[in-house]
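Quick notes on the structure that follows.
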Amino acid sequence: MVKVVATNKKAYTDYEILETYEAGIVLTGTEVKSLRNGSVNFKDSFCRFKNGELYLLNLHIPPYSHGGVYNHDPERPRKLLLHKRELKRLMGKVQEEGVTIVPLKIYFNDRGIAKVEIAVARGKKKYDKREAIKKREMERKIREYMKYSR
């Protein structure tokens, strides 16, 4: 049973999702405990390559309330764990103009291991966002009309 801790709803509105990957994440003990409490903030988080490794930046995991002296830095860069071929494929995709890697959700898998779903994404323009909103509204109105016309 997968336990989703948090989803990055803003990523779906700001980006066009091209491809998704599941990645492991290197965490300290107090970070895992904070995640199990359900406290995490995706605001402005993104992924970058550094020395051939992928890091998740600006992911805010607040300090664990009972952590004491051994608590973690809430904004520290966290290493993502992927297979080498996946890293090479991602590196090639990020070289394209306007393409980035964003986290979509963080969850615990069946074995209780923290995982991050990341996506190769292209930023949407303002008019693309407006079109998506209009389309969603029209579909909602059509569903509502069909519901009441029976």
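Each chain in the structure tokens gets a letter, A, B and so on, in the order shown; residues start at 1 in every chain, and ligands are counted from 1 in the order they appear.
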
*Step one, run DSSP on the backbone; step two, keep only residues of chain A assigned to alpha helix (DSSP H); then write them as a ChimeraX atom specification.*
/A:9-14,29-36,84-94,126-148

Please, could you write that set of residues out with C-alpha atoms as an mmCIF file, in the first residue's frame?
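Output (out_24.cif):
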```cif
data_model
loop_
_atom_site.group_PDB
_atom_site.id
_atom_site.type_symbol
_atom_site.label_atom_id
_atom_site.label_comp_id
_atom_site.auth_asym_id
_atom_site.auth_seq_id
_atom_site.Cartn_x
_atom_site.Cartn_y
_atom_site.Cartn_z
ATOM 1 C CA LYS A 9 -0.311 20.506 -7.437
ATOM 2 C CA LYS A 10 1.375 23.638 -8.746
ATOM 3 C CA ALA A 11 3.594 21.543 -11.031
ATOM 4 C CA TYR A 12 0.546 20.310 -12.950
ATOM 5 C CA THR A 13 -0.663 23.864 -13.603
ATOM 6 C CA ASP A 14 2.725 25.485 -14.319
ATOM 7 C CA GLY A 29 16.312 9.957 10.375
ATOM 8 C CA THR A 30 14.590 13.144 11.521
ATOM 9 C CA GLU A 31 13.597 13.957 7.920
ATOM 10 C CA VAL A 32 11.888 10.573 7.609
ATOM 11 C CA LYS A 33 10.012 11.170 10.871
ATOM 12 C CA SER A 34 8.878 14.610 9.677
ATOM 13 C CA LEU A 35 7.704 13.063 6.399
ATOM 14 C CA ARG A 36 5.739 10.394 8.257
ATOM 15 C CA LYS A 84 22.742 5.219 -14.310
ATOM 16 C CA ARG A 85 20.864 4.812 -17.626
ATOM 17 C CA GLU A 86 17.951 6.860 -16.247
ATOM 18 C CA LEU A 87 20.360 9.602 -15.146
ATOM 19 C CA LYS A 88 21.939 9.697 -18.617
ATOM 20 C CA ARG A 89 18.513 9.869 -20.278
ATOM 21 C CA LEU A 90 17.444 12.694 -17.944
ATOM 22 C CA MET A 91 20.700 14.572 -18.571
ATOM 23 C CA GLY A 92 20.041 14.417 -22.310
ATOM 24 C CA LYS A 93 16.458 15.650 -21.927
ATOM 25 C CA VAL A 94 17.433 18.593 -19.696
ATOM 26 C CA LYS A 126 0.205 32.136 -19.407
ATOM 27 C CA TYR A 127 -2.202 31.631 -22.322
ATOM 28 C CA ASP A 128 -1.691 27.846 -22.158
ATOM 29 C CA LYS A 129 -2.750 27.917 -18.504
ATOM 30 C CA ARG A 130 -5.832 29.957 -19.393
ATOM 31 C CA GLU A 131 -6.743 27.493 -22.166
ATOM 32 C CA ALA A 132 -6.416 24.566 -19.761
ATOM 33 C CA ILE A 133 -8.690 26.309 -17.244
ATOM 34 C CA LYS A 134 -11.290 27.088 -19.954
ATOM 35 C CA LYS A 135 -11.223 23.492 -21.173
ATOM 36 C CA ARG A 136 -11.675 22.165 -17.620
ATOM 37 C CA GLU A 137 -14.601 24.544 -17.007
ATOM 38 C CA MET A 138 -16.300 23.516 -20.261
ATOM 39 C CA GLU A 139 -15.946 19.816 -19.431
ATOM 40 C CA ARG A 140 -17.398 20.471 -15.977
ATOM 41 C CA LYS A 141 -20.373 22.343 -17.465
ATOM 42 C CA ILE A 142 -21.009 19.569 -19.998
ATOM 43 C CA ARG A 143 -20.936 16.917 -17.253
ATOM 44 C CA GLU A 144 -23.310 19.012 -15.142
ATOM 45 C CA TYR A 145 -25.670 19.542 -18.084
ATOM 46 C CA MET A 146 -25.664 15.810 -18.909
ATOM 47 C CA LYS A 147 -26.351 14.975 -15.270
ATOM 48 C CA TYR A 148 -29.436 17.215 -15.088
#
```

*Find the residue from A:Lys79, A:Lys3, A:His60, A:Lys125 that sits nearest to A:Ile106; use only C-alpha atoms when measuring.*
A:Lys3

_Give me the residues near A:Tyr55 as a ChimeraX atom specification, where near means some atom within 10 Å (using only C-alpha atoms) and where sequence neighbours in that chain fewer than 5 positions away do not count._
/A:25-26,46-50,76-81

_Give me, as a list in words, all polymer residues having an atom no more than 9 Å from A:Pro103, counting only C-alpha atoms and skipping those fewer than 6 positions away in the same chain._
Thr7, Asn8, Ala11, Phe42, Ser45, Phe46, Cys47, Leu56, Val116, Glu117, Ile118 and Ala119 of chain A

*strand (DSSP E or B) per DSSP on the backbone: members of chain A, as a PyMOL selection string*: chain A and resi 3-7+15-25+41+46-50+53-57+60+78-81+99-108+114-123
